Amino acid sequence: MYALDGNAIGGMLEELFGRDMTAAVGCCAGCGARGPLAECMVYRGGPGVVVRCRVCQTLLMAFVRVREIVCIDLGGLSEWEPAPAA
Amino acid sequence: MAGTALRGGLTWVVATVSSVIEETPSARTLELDVPGWPGHLAGQHVDIRLTSEDGYRAERAYSIASAPGEAPAITVERLDNGEVSPYLTEEVRKGDAFEVRGPIGGYFVWRPEDGGPLFLAAGGSGVVPMRSILRHRRRSGSPVKARLLLSARTLEDVIYRAELEGPDVVHTLTRERPPGWSGYARRVDLDLLREVAWPAIENPLAYVCGPTPFVEVVAAGLVALGYALQRVRTERFGGA
C-alpha cells in the first residue's frame, strides 16, 4: 500500500479542527523535521488514519472514528502552528 | 487518547450533476451544481460520499477541475477495482445527485500573487488540479510563465489534451506511443526533469500531482536540481 499525503485527509482535518489544516506546520517529536501537514505520509487503509513523518517515519498523529466519536492522538507532534489565515 | 467530537464549518451537501463530458475512454468530467458553493481556489479538492441502499458509505477526494469563478467540476478516471470511480465514470447521469463537501485544502493551491514561474508536473489524472491552475492563470491575466509536464500511459489517456496543447506542454508516454511519436517515451526521471523543468536559478514554483511513486520521483528530482523544498508542493493519490 502506497502512502498518501496530508492533502487526502484535508476534509477530515477541517471537519475536526474547524479550519484548513493541510497548510499547518508541524514539528516531528522524533527527528525535529518541520513541514506542512500536507507533506506528511498518510495511511488510511486500516481502521483509522495514521500520519507519519516523511523524514523518520515517526507516528505523528492517529485518528480513529467510533460511531460519532473521533479519538485523536497527536503525540508525535512536538509543536503545531496553525496555517496562516486563508 | 482524548476523545472528542467537534463540528467544523465543512458540511456535506447534496450536489447535482449538471453535465457530463467524456474526456478519454476512461475519464469524464462531471460539472456539479452545489447549493451554497462558496467558490474555490485553484488546486483545491472536494470529498465525495456515496451511500448505498444498505447504508454502506464510501468517501473519496477529487481535485476540482474548473477555475475559480467557474462552477465546480471534477474529472474522474475509472479504476477497474475501484469502489467509487466506476459509479462516477459509468453510471452517473445528468441530474443524478450525491453528497459533496468542500472546497478543501489550503496548501496545494495557487493564487496569482503566488507568482511563478510555474512548473506543473502531472501523472495521469494528476492533471486535474493543473487545469484549474492554468485556467485561473489565464483568466486572471497572470503574467507568470508556466510549463506543464504530463506523464500518461498512452496519448489516448491524456485528459484535456486539446485544451492544454501548446508550446509549453511536454508529454511523456510510458506505455504506448503513436507512430512517429517525437515526445518522451519513458517514466519521468532526473534527466528528463533537467531537460524540461525551469532552471532552479529562476526560483520556480512547482506543483506535482499524481500517483505516489510519480510524485516521489518528481519532487526528489526537482529538489536535486536545486528547487527550494518549500516551493515544491505535492499531492499524492492512490487507487480505488
# chains A, B, ... in the order shown; residues from 1 in each chain; ligands from 1
call {"tool": "interface_residues", "arguments": {"of": "chain A", "to": "chain B", "cutoff": "12 Å", "atoms": "only C-alpha atoms", "output": "ChimeraX atom specification"}}
result
/A:1-25,34-45,54,61-75,82-86
call {"tool": "select_by_dssp", "arguments": {"residues": "range 33-82 of chain A", "states": "strand (DSSP E or B)", "output": "PyMOL selection string"}}
result
chain A and resi 34-36+41-43+49-52+59-66+69-73+77-81
call {"tool": "residues_around", "arguments": {"residues": "Val92 in chain B", "least_positions_apart": "2", "cutoff": "12 Å", "atoms": "only C-alpha atoms", "output": "list in words"}}
result
Thr16, Val17, Ser18, Ser19, Val20, Ile21, Arg28, Thr29, Leu30, Glu31, Leu32, Leu50, Val76, Val84, Ser85, Pro86, Tyr87, Leu88, Thr89, Glu90, Lys94, Gly95, Asp96, Ala97 and Phe98 of chain B
call {"tool": "write_last_selection", "arguments": {"atoms": "C-alpha atoms", "output": "PDB file, in the first residue's frame"}}
result
ATOM      1  CA  THR B  16     -26.494  17.548  -8.648  1.00  0.00           C
ATOM      2  CA  VAL B  17     -24.650  16.609 -11.821  1.00  0.00           C
ATOM      3  CA  SER B  18     -25.397  19.372 -14.326  1.00  0.00           C
ATOM      4  CA  SER B  19     -23.379  17.961 -17.220  1.00  0.00           C
ATOM      5  CA  VAL B  20     -21.183  15.027 -18.146  1.00  0.00           C
ATOM      6  CA  ILE B  21     -18.226  15.431 -20.507  1.00  0.00           C
ATOM      7  CA  ARG B  28     -15.009  12.010 -17.607  1.00  0.00           C
ATOM      8  CA  THR B  29     -15.782  15.372 -16.157  1.00  0.00           C
ATOM      9  CA  LEU B  30     -18.843  15.961 -14.017  1.00  0.00           C
ATOM     10  CA  GLU B  31     -19.970  19.552 -13.657  1.00  0.00           C
ATOM     11  CA  LEU B  32     -21.745  19.978 -10.359  1.00  0.00           C
ATOM     12  CA  LEU B  50     -21.674   7.731  -1.836  1.00  0.00           C
ATOM     13  CA  VAL B  76     -12.805  11.099 -12.530  1.00  0.00           C
ATOM     14  CA  VAL B  84     -16.398   4.757  -6.255  1.00  0.00           C
ATOM     15  CA  SER B  85     -14.893   5.608  -9.646  1.00  0.00           C
ATOM     16  CA  PRO B  86     -16.851   3.003 -11.682  1.00  0.00           C
ATOM     17  CA  TYR B  87     -20.087   4.595 -10.495  1.00  0.00           C
ATOM     18  CA  LEU B  88     -18.898   8.117 -11.271  1.00  0.00           C
ATOM     19  CA  THR B  89     -17.464   7.218 -14.686  1.00  0.00           C
ATOM     20  CA  GLU B  90     -20.081   4.780 -15.951  1.00  0.00           C
ATOM     21  CA  LYS B  94     -27.037  14.338 -15.666  1.00  0.00           C
ATOM     22  CA  GLY B  95     -29.476  15.117 -12.870  1.00  0.00           C
ATOM     23  CA  ASP B  96     -28.130  12.454 -10.501  1.00  0.00           C
ATOM     24  CA  ALA B  97     -27.128  13.582  -7.035  1.00  0.00           C
ATOM     25  CA  PHE B  98     -24.593  12.642  -4.390  1.00  0.00           C
TER      26      PHE B  98
END
call {"tool": "residues_around", "arguments": {"residues": "Cys27 in chain A", "least_positions_apart": "3", "cutoff": "6 Å", "atoms": "only C-alpha atoms", "output": "PyMOL selection string"}}
result
chain A and resi 32-34+77-79
call {"tool": "write_last_selection", "arguments": {"atoms": "C-alpha atoms", "output": "mmCIF file, in the first residue's frame"}}
result
data_model
loop_
_atom_site.group_PDB
_atom_site.id
_atom_site.type_symbol
_atom_site.label_atom_id
_atom_site.label_comp_id
_atom_site.auth_asym_id
_atom_site.auth_seq_id
_atom_site.Cartn_x
_atom_site.Cartn_y
_atom_site.Cartn_z
ATOM 1 C CA GLY A 32 12.655 17.629 14.655
ATOM 2 C CA ALA A 33 11.677 17.871 10.973
ATOM 3 C CA ARG A 34 9.245 20.683 10.337
ATOM 4 C CA LEU A 77 3.992 16.316 17.189
ATOM 5 C CA SER A 78 6.177 18.457 19.425
ATOM 6 C CA GLU A 79 4.784 21.681 18.012
#
call {"tool": "residues_around", "arguments": {"residues": "His136 in chain B", "least_positions_apart": "6", "cutoff": "12 Å", "atoms": "only C-alpha atoms", "output": "list in words"}}
result
His40, Leu41, Ala42, Gly43, Ala65, Ser66, Ala67, Pro68, Gly69, Glu70, Val109, Trp110, Arg111, Pro112, Glu113, Pro129, Met130, Ser142, Pro143, Val144 and Ala146 of chain B
call {"tool": "residues_around", "arguments": {"residues": "Leu193 in chain B", "least_positions_apart": "2", "cutoff": "12 Å", "atoms": "only C-alpha atoms", "output": "ChimeraX atom specification"}}
result
/B:119-121,147-151,170-172,184,186-191,195-200,206,217-227
call {"tool": "closest_residue", "arguments": {"among": "B:Gly115, B:Gly82, B:Pro25, B:Gly210", "to": "Ile133 in chain B", "atoms": "only C-alpha atoms"}}
result
B:Gly115
call {"tool": "decode", "arguments": {"residues": "range 183-208 of chain B", "atoms": "N, CA and C atoms", "output": "PDB file, in the first residue's frame"}}
result
ATOM      1  N   GLY B 183       7.861  12.795 -28.865  1.00  0.00           N
ATOM      2  CA  GLY B 183       7.980  13.227 -27.476  1.00  0.00           C
ATOM      3  C   GLY B 183       8.731  12.199 -26.642  1.00  0.00           C
ATOM      4  N   TYR B 184       8.713  12.416 -25.340  1.00  0.00           N
ATOM      5  CA  TYR B 184       9.383  11.471 -24.450  1.00  0.00           C
ATOM      6  C   TYR B 184       8.609  10.156 -24.391  1.00  0.00           C
ATOM      7  N   ALA B 185       9.328   9.089 -24.095  1.00  0.00           N
ATOM      8  CA  ALA B 185       8.714   7.763 -24.133  1.00  0.00           C
ATOM      9  C   ALA B 185       9.167   6.926 -22.935  1.00  0.00           C
ATOM     10  N   ARG B 186       9.221   7.558 -21.774  1.00  0.00           N
ATOM     11  CA  ARG B 186       9.638   6.804 -20.585  1.00  0.00           C
ATOM     12  C   ARG B 186       9.070   7.461 -19.335  1.00  0.00           C
ATOM     13  N   ARG B 187       9.192   6.749 -18.225  1.00  0.00           N
ATOM     14  CA  ARG B 187       8.786   7.349 -16.959  1.00  0.00           C
ATOM     15  C   ARG B 187       9.692   8.544 -16.663  1.00  0.00           C
ATOM     16  N   VAL B 188       9.138   9.502 -15.951  1.00  0.00           N
ATOM     17  CA  VAL B 188       9.914  10.697 -15.637  1.00  0.00           C
ATOM     18  C   VAL B 188      11.113  10.315 -14.773  1.00  0.00           C
ATOM     19  N   ASP B 189      12.279  10.835 -15.128  1.00  0.00           N
ATOM     20  CA  ASP B 189      13.479  10.634 -14.325  1.00  0.00           C
ATOM     21  C   ASP B 189      14.236  11.962 -14.242  1.00  0.00           C
ATOM     22  N   LEU B 190      15.372  11.914 -13.557  1.00  0.00           N
ATOM     23  CA  LEU B 190      16.103  13.154 -13.302  1.00  0.00           C
ATOM     24  C   LEU B 190      16.563  13.822 -14.606  1.00  0.00           C
ATOM     25  N   ASP B 191      17.021  13.016 -15.566  1.00  0.00           N
ATOM     26  CA  ASP B 191      17.487  13.594 -16.830  1.00  0.00           C
ATOM     27  C   ASP B 191      16.350  14.297 -17.564  1.00  0.00           C
ATOM     28  N   LEU B 192      15.190  13.672 -17.535  1.00  0.00           N
ATOM     29  CA  LEU B 192      14.040  14.278 -18.213  1.00  0.00           C
ATOM     30  C   LEU B 192      13.687  15.609 -17.545  1.00  0.00           C
ATOM     31  N   LEU B 193      13.685  15.611 -16.203  1.00  0.00           N
ATOM     32  CA  LEU B 193      13.364  16.847 -15.479  1.00  0.00           C
ATOM     33  C   LEU B 193      14.397  17.932 -15.783  1.00  0.00           C
ATOM     34  N   ARG B 194      15.648  17.531 -15.859  1.00  0.00           N
ATOM     35  CA  ARG B 194      16.703  18.501 -16.146  1.00  0.00           C
ATOM     36  C   ARG B 194      16.453  19.172 -17.490  1.00  0.00           C
ATOM     37  N   GLU B 195      15.904  18.415 -18.427  1.00  0.00           N
ATOM     38  CA  GLU B 195      15.659  18.964 -19.768  1.00  0.00           C
ATOM     39  C   GLU B 195      14.415  19.843 -19.835  1.00  0.00           C
ATOM     40  N   VAL B 196      13.383  19.520 -19.045  1.00  0.00           N
ATOM     41  CA  VAL B 196      12.115  20.230 -19.258  1.00  0.00           C
ATOM     42  C   VAL B 196      11.759  21.230 -18.156  1.00  0.00           C
ATOM     43  N   ALA B 197      12.265  21.054 -16.953  1.00  0.00           N
ATOM     44  CA  ALA B 197      11.851  21.949 -15.857  1.00  0.00           C
ATOM     45  C   ALA B 197      12.585  23.287 -15.968  1.00  0.00           C
ATOM     46  N   TRP B 198      11.926  24.368 -15.524  1.00  0.00           N
ATOM     47  CA  TRP B 198      12.620  25.663 -15.489  1.00  0.00           C
ATOM     48  C   TRP B 198      13.875  25.529 -14.642  1.00  0.00           C
ATOM     49  N   PRO B 199      14.958  26.181 -15.043  1.00  0.00           N
ATOM     50  CA  PRO B 199      16.185  26.109 -14.233  1.00  0.00           C
ATOM     51  C   PRO B 199      15.944  26.660 -12.818  1.00  0.00           C
ATOM     52  N   ALA B 200      16.595  26.059 -11.838  1.00  0.00           N
ATOM     53  CA  ALA B 200      16.392  26.439 -10.440  1.00  0.00           C
ATOM     54  C   ALA B 200      16.742  27.905 -10.192  1.00  0.00           C
ATOM     55  N   ILE B 201      17.649  28.446 -10.994  1.00  0.00           N
ATOM     56  CA  ILE B 201      18.095  29.826 -10.819  1.00  0.00           C
ATOM     57  C   ILE B 201      16.924  30.811 -10.949  1.00  0.00           C
ATOM     58  N   GLU B 202      15.858  30.372 -11.655  1.00  0.00           N
ATOM     59  CA  GLU B 202      14.679  31.245 -11.814  1.00  0.00           C
ATOM     60  C   GLU B 202      13.746  31.172 -10.611  1.00  0.00           C
ATOM     61  N   ASN B 203      14.130  30.379  -9.603  1.00  0.00           N
ATOM     62  CA  ASN B 203      13.316  30.192  -8.399  1.00  0.00           C
ATOM     63  C   ASN B 203      11.869  29.811  -8.728  1.00  0.00           C
ATOM     64  N   PRO B 204      11.699  28.726  -9.462  1.00  0.00           N
ATOM     65  CA  PRO B 204      10.347  28.350  -9.895  1.00  0.00           C
ATOM     66  C   PRO B 204       9.482  27.890  -8.719  1.00  0.00           C
ATOM     67  N   LEU B 205       8.186  27.897  -8.966  1.00  0.00           N
ATOM     68  CA  LEU B 205       7.205  27.356  -8.026  1.00  0.00           C
ATOM     69  C   LEU B 205       6.622  26.115  -8.690  1.00  0.00           C
ATOM     70  N   ALA B 206       6.801  24.955  -8.052  1.00  0.00           N
ATOM     71  CA  ALA B 206       6.404  23.692  -8.681  1.00  0.00           C
ATOM     72  C   ALA B 206       5.208  23.071  -7.971  1.00  0.00           C
ATOM     73  N   TYR B 207       4.321  22.497  -8.781  1.00  0.00           N
ATOM     74  CA  TYR B 207       3.189  21.716  -8.282  1.00  0.00           C
ATOM     75  C   TYR B 207       3.288  20.344  -8.914  1.00  0.00           C
ATOM     76  N   VAL B 208       3.251  19.320  -8.080  1.00  0.00           N
ATOM     77  CA  VAL B 208       3.412  17.950  -8.558  1.00  0.00           C
ATOM     78  C   VAL B 208       2.225  17.135  -8.053  1.00  0.00           C
TER      79      VAL B 208
END
